[in-house]
>>> print(open('coords_8.pdb').read())   # PDB, C-alpha atoms
ATOM      1  CA  MET A   1      28.688   6.381  -4.787
ATOM      2  CA  THR A   2      27.143   2.964  -4.165
ATOM      3  CA  PRO A   3      23.327   3.142  -3.794
ATOM      4  CA  ARG A   4      22.085   2.231  -0.346
ATOM      5  CA  ASP A   5      20.295  -1.070   0.092
ATOM      6  CA  THR A   6      16.582  -0.346  -0.138
ATOM      7  CA  THR A   7      15.302  -3.861  -0.669
ATOM      8  CA  THR A   8      12.046  -4.607   1.143
ATOM      9  CA  VAL A   9      10.988  -8.215   1.535
ATOM     10  CA  PRO A  10       7.265  -8.749   2.185
ATOM     11  CA  PRO A  11       6.909 -10.785   5.384
ATOM     12  CA  THR A  12       5.095 -13.692   3.710
ATOM     13  CA  SER A  13       7.747 -14.175   1.010
ATOM     14  CA  ALA A  14       9.986 -17.181   0.590
ATOM     15  CA  PHE A  15      12.550 -16.957  -2.165
ATOM     16  CA  PRO A  16      14.465 -19.721  -3.944
ATOM     17  CA  ASP A  17      18.127 -19.292  -4.678
ATOM     18  CA  THR A  18      18.121 -17.995  -8.274
ATOM     19  CA  ALA A  19      21.774 -16.946  -8.579
ATOM     20  CA  ALA A  20      23.992 -18.876 -10.946
ATOM     21  CA  ALA A  21      27.672 -18.405 -11.570
ATOM     22  CA  LEU A  22      28.363 -14.942 -12.986
ATOM     23  CA  GLY A  23      28.302 -15.014 -16.762
ATOM     24  CA  ALA A  24      27.056 -18.597 -16.965
ATOM     25  CA  ALA A  25      23.900 -19.437 -18.879
ATOM     26  CA  PRO A  26      21.386 -21.563 -16.940
ATOM     27  CA  GLU A  27      20.122 -24.882 -18.239
ATOM     28  CA  THR A  28      16.918 -24.643 -20.299
ATOM     29  CA  THR A  29      14.890 -26.705 -17.872
ATOM     30  CA  ALA A  30      11.136 -26.389 -18.245
ATOM     31  CA  GLY A  31       9.678 -24.019 -15.654
ATOM     32  CA  GLU A  32      12.818 -21.934 -15.151
ATOM     33  CA  TYR A  33      13.187 -18.342 -16.333
ATOM     34  CA  VAL A  34      15.117 -18.292 -19.602
ATOM     35  CA  PHE A  35      17.491 -15.433 -18.739
ATOM     36  CA  ASP A  36      19.936 -15.512 -15.838
ATOM     37  CA  PRO A  37      19.432 -12.356 -13.709
ATOM     38  CA  VAL A  38      23.149 -12.304 -12.817
ATOM     39  CA  TRP A  39      24.498 -12.824 -16.345
ATOM     40  CA  ASP A  40      27.300 -10.276 -16.750
ATOM     41  CA  GLN A  41      25.506  -8.564 -19.666
ATOM     42  CA  GLU A  42      21.999  -8.778 -18.231
ATOM     43  CA  THR A  43      21.797  -5.098 -17.280
ATOM     44  CA  GLU A  44      22.610  -4.066 -20.856
ATOM     45  CA  ARG A  45      20.076  -6.578 -22.173
ATOM     46  CA  LEU A  46      17.394  -5.083 -19.945
ATOM     47  CA  ARG A  47      18.281  -1.501 -20.906
ATOM     48  CA  THR A  48      18.166  -2.260 -24.624
ATOM     49  CA  ASN A  49      14.822  -3.994 -24.121
ATOM     50  CA  GLU A  50      13.576  -0.783 -22.524
ATOM     51  CA  ALA A  51      14.772   1.136 -25.584
ATOM     52  CA  ILE A  52      12.423  -0.950 -27.723
ATOM     53  CA  TRP A  53       9.291  -1.074 -25.601
ATOM     54  CA  ASP A  54       9.236   1.856 -23.151
ATOM     55  CA  PRO A  55       7.701   4.464 -25.490
ATOM     56  CA  GLY A  56       4.586   2.368 -26.114
ATOM     57  CA  THR A  57       4.292   1.289 -22.485
ATOM     58  CA  PHE A  58       4.603   4.860 -21.197
ATOM     59  CA  GLU A  59       1.988   6.122 -23.640
ATOM     60  CA  ARG A  60      -0.406   3.490 -22.300
ATOM     61  CA  PHE A  61       0.304   4.494 -18.675
ATOM     62  CA  GLU A  62      -0.886   7.980 -19.543
ATOM     63  CA  ARG A  63      -3.880   6.667 -21.479
ATOM     64  CA  LEU A  64      -4.896   4.634 -18.412
ATOM     65  CA  GLY A  65      -4.869   7.852 -16.414
ATOM     66  CA  VAL A  66      -2.105   7.119 -13.883
ATOM     67  CA  ALA A  67      -2.077  10.234 -11.710
ATOM     68  CA  PRO A  68      -0.846  11.608  -8.359
ATOM     69  CA  GLY A  69      -2.067   9.462  -5.513
ATOM     70  CA  TRP A  70      -2.180   6.166  -7.389
ATOM     71  CA  SER A  71      -0.672   3.063  -5.821
ATOM     72  CA  CYS A  72       1.262   1.163  -8.511
ATOM     73  CA  LEU A  73       3.117  -2.146  -8.701
ATOM     74  CA  GLU A  74       5.677  -2.959 -11.400
ATOM     75  CA  VAL A  75       6.214  -6.745 -11.478
ATOM     76  CA  GLY A  76       9.426  -8.082 -12.995
ATOM     77  CA  ALA A  77      10.806  -4.559 -12.900
ATOM     78  CA  GLY A  78      14.116  -5.368 -14.637
ATOM     79  CA  TYR A  79      16.289  -2.264 -14.561
ATOM     80  CA  GLY A  80      13.377  -0.091 -13.433
ATOM     81  CA  SER A  81      12.483   2.339 -16.229
ATOM     82  CA  ALA A  82       8.762   1.567 -16.078
ATOM     83  CA  ALA A  83       8.728   1.948 -12.280
ATOM     84  CA  LEU A  84      10.491   5.298 -12.648
ATOM     85  CA  ARG A  85       7.862   6.505 -15.117
ATOM     86  CA  LEU A  86       5.101   5.415 -12.755
ATOM     87  CA  ALA A  87       6.807   7.388  -9.974
ATOM     88  CA  GLU A  88       6.849  10.473 -12.192
ATOM     89  CA  LEU A  89       3.095  10.097 -12.732
ATOM     90  CA  ALA A  90       1.952   8.908  -9.290
ATOM     91  CA  GLN A  91       4.214  10.740  -6.841
ATOM     92  CA  PRO A  92       3.115  14.326  -6.031
ATOM     93  CA  ALA A  93       6.720  15.476  -5.653
ATOM     94  CA  PHE A  94       8.953  13.436  -7.978
ATOM     95  CA  GLY A  95      12.265  12.526  -6.392
ATOM     96  CA  VAL A  96      10.961  12.851  -2.815
ATOM     97  CA  ALA A  97      10.543   9.632  -0.856
ATOM     98  CA  PRO A  98       6.994   9.017   0.466
ATOM     99  CA  GLU A  99       8.032   9.254   4.134
ATOM    100  CA  ARG A 100       9.301  12.801   3.504
ATOM    101  CA  LEU A 101       5.898  13.839   2.171
ATOM    102  CA  ALA A 102       4.136  13.396   5.526
ATOM    103  CA  GLY A 103       2.105  16.458   6.398
ATOM    104  CA  ARG A 104       2.208  17.913   2.901
ATOM    105  CA  ARG A 105      -1.003  18.628   1.036
ATOM    106  CA  GLY A 106      -2.089  16.544  -1.924
ATOM    107  CA  PRO A 107      -2.385  12.837  -2.604
ATOM    108  CA  VAL A 108       0.566  10.631  -1.726
ATOM    109  CA  GLY A 109       1.160   8.008  -4.390
ATOM    110  CA  ARG A 110       3.039   4.762  -3.966
ATOM    111  CA  VAL A 111       5.146   2.850  -6.461
ATOM    112  CA  VAL A 112       6.615  -0.606  -5.822
ATOM    113  CA  ALA A 113       9.175  -2.279  -8.108
ATOM    114  CA  ALA A 114       9.265  -6.061  -7.593
ATOM    115  CA  ASP A 115      11.740  -8.547  -9.040
ATOM    116  CA  LEU A 116      13.719 -11.662  -8.197
ATOM    117  CA  GLU A 117      16.974  -9.690  -8.472
ATOM    118  CA  THR A 118      16.853  -6.271  -6.802
ATOM    119  CA  GLU A 119      20.415  -4.975  -6.754
ATOM    120  CA  ARG A 120      20.048  -3.175 -10.082
ATOM    121  CA  LEU A 121      16.846  -1.508  -8.795
ATOM    122  CA  ALA A 122      18.413   0.158  -5.738
ATOM    123  CA  TRP A 123      18.778   3.501  -7.548
ATOM    124  CA  LEU A 124      14.973   3.827  -7.584
ATOM    125  CA  ALA A 125      14.920   4.604  -3.845
ATOM    126  CA  ASP A 126      16.070   8.137  -4.650
ATOM    127  CA  HIS A 127      12.861   8.536  -6.651
ATOM    128  CA  GLY A 128      10.470   7.419  -3.928
ATOM    129  CA  VAL A 129      10.075   3.858  -5.255
ATOM    130  CA  GLU A 130       9.906   0.877  -2.901
ATOM    131  CA  VAL A 131      11.872  -2.191  -4.020
ATOM    132  CA  TRP A 132      10.648  -5.679  -3.160
ATOM    133  CA  ARG A 133      12.384  -8.971  -3.786
ATOM    134  CA  HIS A 134       9.463 -11.064  -4.962
ATOM    135  CA  ASP A 135       8.837 -14.324  -6.814
ATOM    136  CA  LEU A 136       5.486 -14.177  -8.598
ATOM    137  CA  ARG A 137       5.527 -17.956  -9.002
ATOM    138  CA  ALA A 138       5.171 -18.522  -5.254
ATOM    139  CA  ASP A 139       4.884 -15.322  -3.208
ATOM    140  CA  ASP A 140       1.630 -13.660  -2.223
ATOM    141  CA  LEU A 141       0.925  -9.947  -2.617
ATOM    142  CA  PRO A 142      -1.058  -7.674  -0.301
ATOM    143  CA  GLU A 143      -4.767  -8.004  -0.977
ATOM    144  CA  GLY A 144      -6.491  -5.100  -2.707
ATOM    145  CA  ALA A 145      -3.492  -2.781  -2.464
ATOM    146  CA  PHE A 146      -2.834  -1.378  -5.939
ATOM    147  CA  ASP A 147      -4.635   0.883  -8.394
ATOM    148  CA  LEU A 148      -2.386  -0.311 -11.230
ATOM    149  CA  ILE A 149      -0.339  -3.482 -11.647
ATOM    150  CA  HIS A 150       1.907  -3.750 -14.697
ATOM    151  CA  ALA A 151       4.007  -6.697 -15.877
ATOM    152  CA  ARG A 152       5.925  -6.662 -19.163
ATOM    153  CA  MET A 153       7.371  -9.827 -20.707
ATOM    154  CA  VAL A 154       6.937 -11.696 -17.413
ATOM    155  CA  ILE A 155       3.815 -13.847 -17.540
ATOM    156  CA  GLN A 156       4.802 -15.625 -20.756
ATOM    157  CA  HIS A 157       7.869 -17.052 -18.976
ATOM    158  CA  LEU A 158       5.976 -18.586 -16.041
ATOM    159  CA  PRO A 159       5.027 -22.269 -15.777
ATOM    160  CA  ASP A 160       1.688 -21.573 -14.057
ATOM    161  CA  ARG A 161       0.456 -18.396 -15.682
ATOM    162  CA  GLU A 162      -3.086 -18.733 -14.374
ATOM    163  CA  ALA A 163      -1.945 -18.810 -10.731
ATOM    164  CA  ALA A 164       0.340 -15.814 -11.253
ATOM    165  CA  VAL A 165      -2.416 -13.756 -12.853
ATOM    166  CA  ALA A 166      -4.792 -14.720 -10.046
ATOM    167  CA  ARG A 167      -2.275 -13.347  -7.521
ATOM    168  CA  LEU A 168      -2.077 -10.090  -9.440
ATOM    169  CA  ILE A 169      -5.848  -9.753  -9.657
ATOM    170  CA  SER A 170      -6.221 -10.302  -5.912
ATOM    171  CA  ALA A 171      -3.745  -7.476  -5.289
ATOM    172  CA  LEU A 172      -5.856  -4.968  -7.251
ATOM    173  CA  ALA A 173      -7.888  -2.423  -5.344
ATOM    174  CA  PRO A 174     -11.553  -2.089  -6.348
ATOM    175  CA  GLY A 175     -11.510  -0.273  -9.662
ATOM    176  CA  GLY A 176      -7.814  -1.070 -10.111
ATOM    177  CA  VAL A 177      -6.318  -1.957 -13.502
ATOM    178  CA  LEU A 178      -4.207  -4.978 -14.427
ATOM    179  CA  PHE A 179      -1.946  -4.174 -17.402
ATOM    180  CA  LEU A 180      -0.114  -7.159 -18.905
ATOM    181  CA  GLU A 181       2.291  -6.983 -21.835
ATOM    182  CA  ASP A 182       3.636 -10.096 -23.536
ATOM    183  CA  THR A 183       4.707 -10.852 -27.068
ATOM    184  CA  ASP A 184       3.818 -12.869 -30.139
ATOM    185  CA  SER A 185       7.110 -13.736 -31.845
ATOM    186  CA  LEU A 186       5.631 -14.578 -35.268
ATOM    187  CA  PRO A 187       6.860 -11.493 -37.226
ATOM    188  CA  LEU A 188      10.286 -11.258 -35.586
ATOM    189  CA  PHE A 189      13.095 -10.622 -38.120
ATOM    190  CA  ARG A 190      10.677 -10.241 -41.049
ATOM    191  CA  SER A 191      12.589  -8.022 -43.468
ATOM    192  CA  VAL A 192      12.827  -6.652 -46.985
ATOM    193  CA  VAL A 193      16.124  -8.559 -47.259
ATOM    194  CA  SER A 194      14.261 -11.864 -47.246
ATOM    195  CA  GLU A 195      11.167 -13.434 -45.766
ATOM    196  CA  ASP A 196      13.610 -15.900 -44.217
ATOM    197  CA  PHE A 197      16.037 -13.267 -42.849
ATOM    198  CA  LEU A 198      17.548 -14.798 -39.695
ATOM    199  CA  ALA A 199      14.823 -17.461 -39.724
ATOM    200  CA  ASP A 200      17.253 -20.189 -38.644
ATOM    201  CA  ILE A 201      18.439 -18.012 -35.748
ATOM    202  CA  LYS A 202      14.881 -17.391 -34.622
ATOM    203  CA  ALA A 203      13.872 -21.048 -34.934
ATOM    204  CA  SER A 204      16.898 -22.240 -32.955
ATOM    205  CA  GLY A 205      16.761 -19.642 -30.182
ATOM    206  CA  TYR A 206      13.014 -19.576 -29.701
ATOM    207  CA  GLY A 207      12.796 -23.340 -29.943
ATOM    208  CA  LEU A 208      15.114 -23.677 -26.960
ATOM    209  CA  MET A 209      13.306 -20.902 -25.107
ATOM    210  CA  ARG A 210      10.041 -22.737 -25.592
ATOM    211  CA  GLN A 211      11.587 -25.857 -24.072
ATOM    212  CA  ALA A 212      12.437 -23.719 -21.043
ATOM    213  CA  GLY A 213       8.800 -22.664 -20.630
ATOM    214  CA  HIS A 214       8.642 -19.460 -22.674
ATOM    215  CA  GLU A 215       5.307 -19.095 -24.478
ATOM    216  CA  PRO A 216       5.913 -17.378 -27.864
ATOM    217  CA  ARG A 217       2.213 -16.421 -28.119
ATOM    218  CA  GLY A 218       2.144 -15.034 -24.582
ATOM    219  CA  GLY A 219       0.022 -11.959 -25.216
ATOM    220  CA  HIS A 220      -2.814 -14.051 -26.633
ATOM    221  CA  PHE A 221      -2.896 -16.141 -23.461
ATOM    222  CA  ASP A 222      -2.926 -12.967 -21.335
ATOM    223  CA  LEU A 223      -6.075 -11.841 -23.131
ATOM    224  CA  ALA A 224      -7.729 -15.243 -22.733
ATOM    225  CA  MET A 225      -6.989 -15.317 -18.997
ATOM    226  CA  LEU A 226      -8.356 -11.823 -18.391
ATOM    227  CA  LEU A 227     -11.478 -12.572 -20.422
ATOM    228  CA  ASP A 228     -12.020 -15.664 -18.252
ATOM    229  CA  SER A 229     -11.518 -13.675 -15.034
ATOM    230  CA  ASP A 230     -13.895 -11.412 -13.108
ATOM    231  CA  LEU A 231     -12.213  -8.297 -14.526
ATOM    232  CA  THR A 232     -14.281  -5.908 -16.616
ATOM    233  CA  ASP A 233     -13.475  -3.620 -19.554
ATOM    234  CA  VAL A 234     -10.940  -6.135 -20.870
ATOM    235  CA  SER A 235      -9.212  -4.973 -24.065
ATOM    236  CA  ALA A 236      -6.071  -5.750 -26.047
ATOM    237  CA  GLU A 237      -3.964  -4.174 -28.772
ATOM    238  CA  GLY A 238      -0.646  -4.931 -30.435
ATOM    239  CA  ARG A 239       2.363  -2.917 -31.572
ATOM    240  CA  VAL A 240       5.593  -3.632 -33.416
ATOM    241  CA  VAL A 241       8.843  -1.681 -33.740
ATOM    242  CA  MET A 242      11.016  -1.496 -36.844
ATOM    243  CA  MET A 243      14.645  -2.243 -35.970
ATOM    244  CA  GLN A 244      17.698  -0.821 -37.698
ATOM    245  CA  GLY A 245      20.902  -2.794 -37.543
ATOM    246  CA  GLY A 246      23.522  -1.346 -35.231
ATOM    247  CA  SER A 247      21.030   0.615 -33.102
ATOM    248  CA  ASP A 248      20.522   0.253 -29.348
ATOM    249  CA  GLN A 249      17.308  -1.606 -30.147
ATOM    250  CA  ALA A 250      19.110  -4.003 -32.496
ATOM    251  CA  ARG A 251      21.736  -4.501 -29.805
ATOM    252  CA  HIS A 252      19.053  -6.145 -27.683
ATOM    253  CA  TYR A 253      18.668  -8.965 -30.187
ATOM    254  CA  MET A 254      22.428  -9.309 -30.489
ATOM    255  CA  LEU A 255      22.656  -9.777 -26.722
ATOM    256  CA  TRP A 256      19.805 -12.284 -26.874
ATOM    257  CA  LEU A 257      21.741 -14.284 -29.453
ATOM    258  CA  GLU A 258      24.998 -14.073 -27.488
ATOM    259  CA  TYR A 259      23.180 -15.384 -24.439
ATOM    260  CA  MET A 260      21.555 -18.208 -26.386
ATOM    261  CA  ARG A 261      24.749 -19.040 -28.342
ATOM    262  CA  PRO A 262      26.135 -21.770 -26.004
ATOM    263  CA  LYS A 263      22.738 -23.459 -25.835
ATOM    264  CA  ILE A 264      22.243 -23.358 -29.609
ATOM    265  CA  VAL A 265      25.727 -24.727 -30.308
ATOM    266  CA  GLU A 266      25.539 -27.388 -27.600
ATOM    267  CA  ALA A 267      22.206 -28.575 -28.992
ATOM    268  CA  GLY A 268      23.802 -28.934 -32.421
ATOM    269  CA  LEU A 269      21.339 -26.536 -34.049
ATOM    270  CA  LEU A 270      23.828 -24.003 -35.465
ATOM    271  CA  GLY A 271      27.574 -23.463 -35.360
ATOM    272  CA  HIS A 272      29.597 -20.493 -34.151
ATOM    273  CA  ASP A 273      30.310 -19.373 -37.735
ATOM    274  CA  ARG A 274      26.605 -18.973 -38.521
ATOM    275  CA  ILE A 275      25.984 -17.156 -35.248
ATOM    276  CA  ASP A 276      28.892 -14.775 -35.943
ATOM    277  CA  GLN A 277      27.464 -14.106 -39.389
ATOM    278  CA  ALA A 278      24.018 -13.366 -37.920
ATOM    279  CA  LEU A 279      25.515 -10.964 -35.372
ATOM    280  CA  ALA A 280      27.246  -9.104 -38.194
ATOM    281  CA  GLU A 281      23.931  -8.862 -40.053
ATOM    282  CA  MET A 282      22.220  -7.479 -36.939
ATOM    283  CA  ALA A 283      24.972  -4.871 -36.581
ATOM    284  CA  ASP A 284      24.680  -3.691 -40.199
ATOM    285  CA  PRO A 285      22.746  -0.368 -40.440
ATOM    286  CA  ALA A 286      21.605  -1.378 -43.933
ATOM    287  CA  HIS A 287      19.393  -4.070 -42.415
ATOM    288  CA  ARG A 288      15.949  -3.348 -40.962
ATOM    289  CA  TRP A 289      13.544  -5.872 -39.500
ATOM    290  CA  LEU A 290      10.436  -6.189 -37.359
ATOM    291  CA  SER A 291      10.299  -6.850 -33.643
ATOM    292  CA  GLN A 292       7.860  -9.263 -32.088
ATOM    293  CA  VAL A 293       4.291  -8.014 -31.645
ATOM    294  CA  MET A 294       3.885  -6.626 -28.135
ATOM    295  CA  ILE A 295       0.316  -7.326 -27.026
ATOM    296  CA  SER A 296      -0.969  -4.998 -24.309
ATOM    297  CA  VAL A 297      -3.923  -6.352 -22.338
ATOM    298  CA  THR A 298      -5.850  -4.460 -19.667
ATOM    299  CA  GLY A 299      -8.742  -5.270 -17.369
ATOM    300  CA  ARG A 300     -10.369  -3.538 -14.403
ATOM    301  CA  ARG A 301     -11.391  -5.016 -11.063
ATOM    302  CA  PRO A 302     -15.057  -4.222 -10.317
ATOM    303  CA  ARG A 303     -15.663  -1.631  -7.616
TER
END
>>> encode(input="coords_8.pdb", output="structure tokens")
Amino acid sequence: MTPRDTTTVPPTSAFPDTAAALGAAPETTAGEYVFDPVWDQETERLRTNEAIWDPGTFERFERLGVAPGWSCLEVGAGYGSAALRLAELAQPAFGVAPERLAGRRGPVGRVVAADLETERLAWLADHGVEVWRHDLRADDLPEGAFDLIHARMVIQHLPDREAAVARLISALAPGGVLFLEDTDSLPLFRSVVSEDFLADIKASGYGLMRQAGHEPRGGHFDLAMLLDSDLTDVSAEGRVVMMQGGSDQARHYMLWLEYMRPKIVEAGLLGHDRIDQALAEMADPAHRWLSQVMISVTGRRPR
């Protein structure tokens, strides 16, 4: 059964056309998002990214105290796993849409999943989640509306990070928490095999991503921006995940390399033979390596 269209567009939004030809990789022009939301393997890339980072993110949701009655916003929701977990924590009757809870006792939570591409989020409607098509680079958010706003691996891709974070802060309710997660790519691919394991792959791919506006030290900038804001109780911590070749988590990096392949080859950085060899190394269960550091930063809006 095809999920019904549940996309909600906030009335003040204006959205650029972000769709490229299916399966085509966009140009790495500064200021554009690195990954094409309609790439034919983008859903798998998002799901394998969830396999790496969801456990740590979910543990932090619980540590922050997300509970029934909270109003939550997931920005750059991807495939929607984080929004689903927030619905499990914030909705008093998981799986029941908010409008069907009218007249029932207990707090009525609200969860919104926002992204540029919303088709893959439609399934969340059956779990009481609102879906908004939203561009954080340009679109406003309702003032003071959310008890928790979470964005993972979003801010480090934006050309004007300060303006985006300011929009998120303005959308926090008094006492609300902003929870940003972005990475530091320094330890990626560090391995017992070699200190230089896949170093040429990393340098080529991340070099091109940086040209497109990706900030490889994104989590550090998140912390600096929150410390410079009016938020209180600002804190940060980092985590890494050990990959095993051939796993769902390792598959994420294989998809990343497949996506970056035409750019890397066209730029003359590496050839197809070297990329094929690297993919085989990533698929080998005998190989283990580190992920990036995921830096989780939180701050609270004063009451």
>>> closest_residue(input="coords_8.pdb", among="A:Asp40, A:Glu143, A:Glu281, A:Glu74", to="Ser191 of chain A", atoms="all atoms listed in the file")
A:Glu281
>>> axis_aligned_box(input="coords_8.pdb", around="segment 47-66 of chain A", padding_each_side="5 Å", output="JSON")
{"center_x": 6.7, "center_y": 2.0, "center_z": -20.8, "size_x": 33.2, "size_y": 22.0, "size_z": 23.8}
>>> residues_around(input="coords_8.pdb", residues="Phe197 of chain A", least_positions_apart="3", cutoff="12 Å", atoms="all atoms listed in the file", output="compact mmCIF listing (two decimals) with C-alpha atoms, in the frame of the given file")
# COMPACT_ATOMS: atom_id res chain seq x y z
CA PRO A 187 6.86 -11.49 -37.23
CA LEU A 188 10.29 -11.26 -35.59
CA PHE A 189 13.10 -10.62 -38.12
CA ARG A 190 10.68 -10.24 -41.05
CA SER A 191 12.59 -8.02 -43.47
CA VAL A 192 12.83 -6.65 -46.98
CA VAL A 193 16.12 -8.56 -47.26
CA SER A 194 14.26 -11.86 -47.25
CA ASP A 200 17.25 -20.19 -38.64
CA ILE A 201 18.44 -18.01 -35.75
CA LYS A 202 14.88 -17.39 -34.62
CA ALA A 203 13.87 -21.05 -34.93
CA GLN A 277 27.46 -14.11 -39.39
CA ALA A 278 24.02 -13.37 -37.92
CA GLU A 281 23.93 -8.86 -40.05
CA MET A 282 22.22 -7.48 -36.94
CA HIS A 287 19.39 -4.07 -42.42
CA ARG A 288 15.95 -3.35 -40.96
CA TRP A 289 13.54 -5.87 -39.50
CA LEU A 290 10.44 -6.19 -37.36
>>> resolve_selection(input="coords_8.pdb", expression="the PyMOL selection byres ((chain A and resi 121) around 8)", output="PDB file with C-alpha atoms, keeping the file's coordinate frame")
ATOM      1  CA  ALA A  77      10.806  -4.559 -12.900  1.00  0.00           C
ATOM      2  CA  GLY A  78      14.116  -5.368 -14.637  1.00  0.00           C
ATOM      3  CA  TYR A  79      16.289  -2.264 -14.561  1.00  0.00           C
ATOM      4  CA  GLY A  80      13.377  -0.091 -13.433  1.00  0.00           C
ATOM      5  CA  ALA A 113       9.175  -2.279  -8.108  1.00  0.00           C
ATOM      6  CA  THR A 118      16.853  -6.271  -6.802  1.00  0.00           C
ATOM      7  CA  GLU A 119      20.415  -4.975  -6.754  1.00  0.00           C
ATOM      8  CA  ARG A 120      20.048  -3.175 -10.082  1.00  0.00           C
ATOM      9  CA  ALA A 122      18.413   0.158  -5.738  1.00  0.00           C
ATOM     10  CA  TRP A 123      18.778   3.501  -7.548  1.00  0.00           C
ATOM     11  CA  LEU A 124      14.973   3.827  -7.584  1.00  0.00           C
ATOM     12  CA  VAL A 131      11.872  -2.191  -4.020  1.00  0.00           C
TER      13      VAL A 131
END
>>> atom_distance(input="coords_8.pdb", atom1="atom CA of Leu89 of chain A", atom2="atom CA of Phe61 of chain A")
8.6 Å
>>> resolve_selection(input="coords_8.pdb", expression="the PyMOL selection byres ((chain A and resi 51) around 12)", output="MDAnalysis selection string")
chainID A and resid 44:50 52:58 79 81:82 241 243 247:253
>>> closest_residue(input="coords_8.pdb", among="A:Ala280, A:Leu158, A:Ala166, A:Ala173", to="Asp228 of chain A", atoms="only C-alpha atoms")
A:Ala166
>>> resolve_selection(input="coords_8.pdb", expression="the PyMOL selection byres ((chain A and resi 303) around 7)", output="list in words")
Pro174, Gly175, Arg301 and Pro302 of chain A
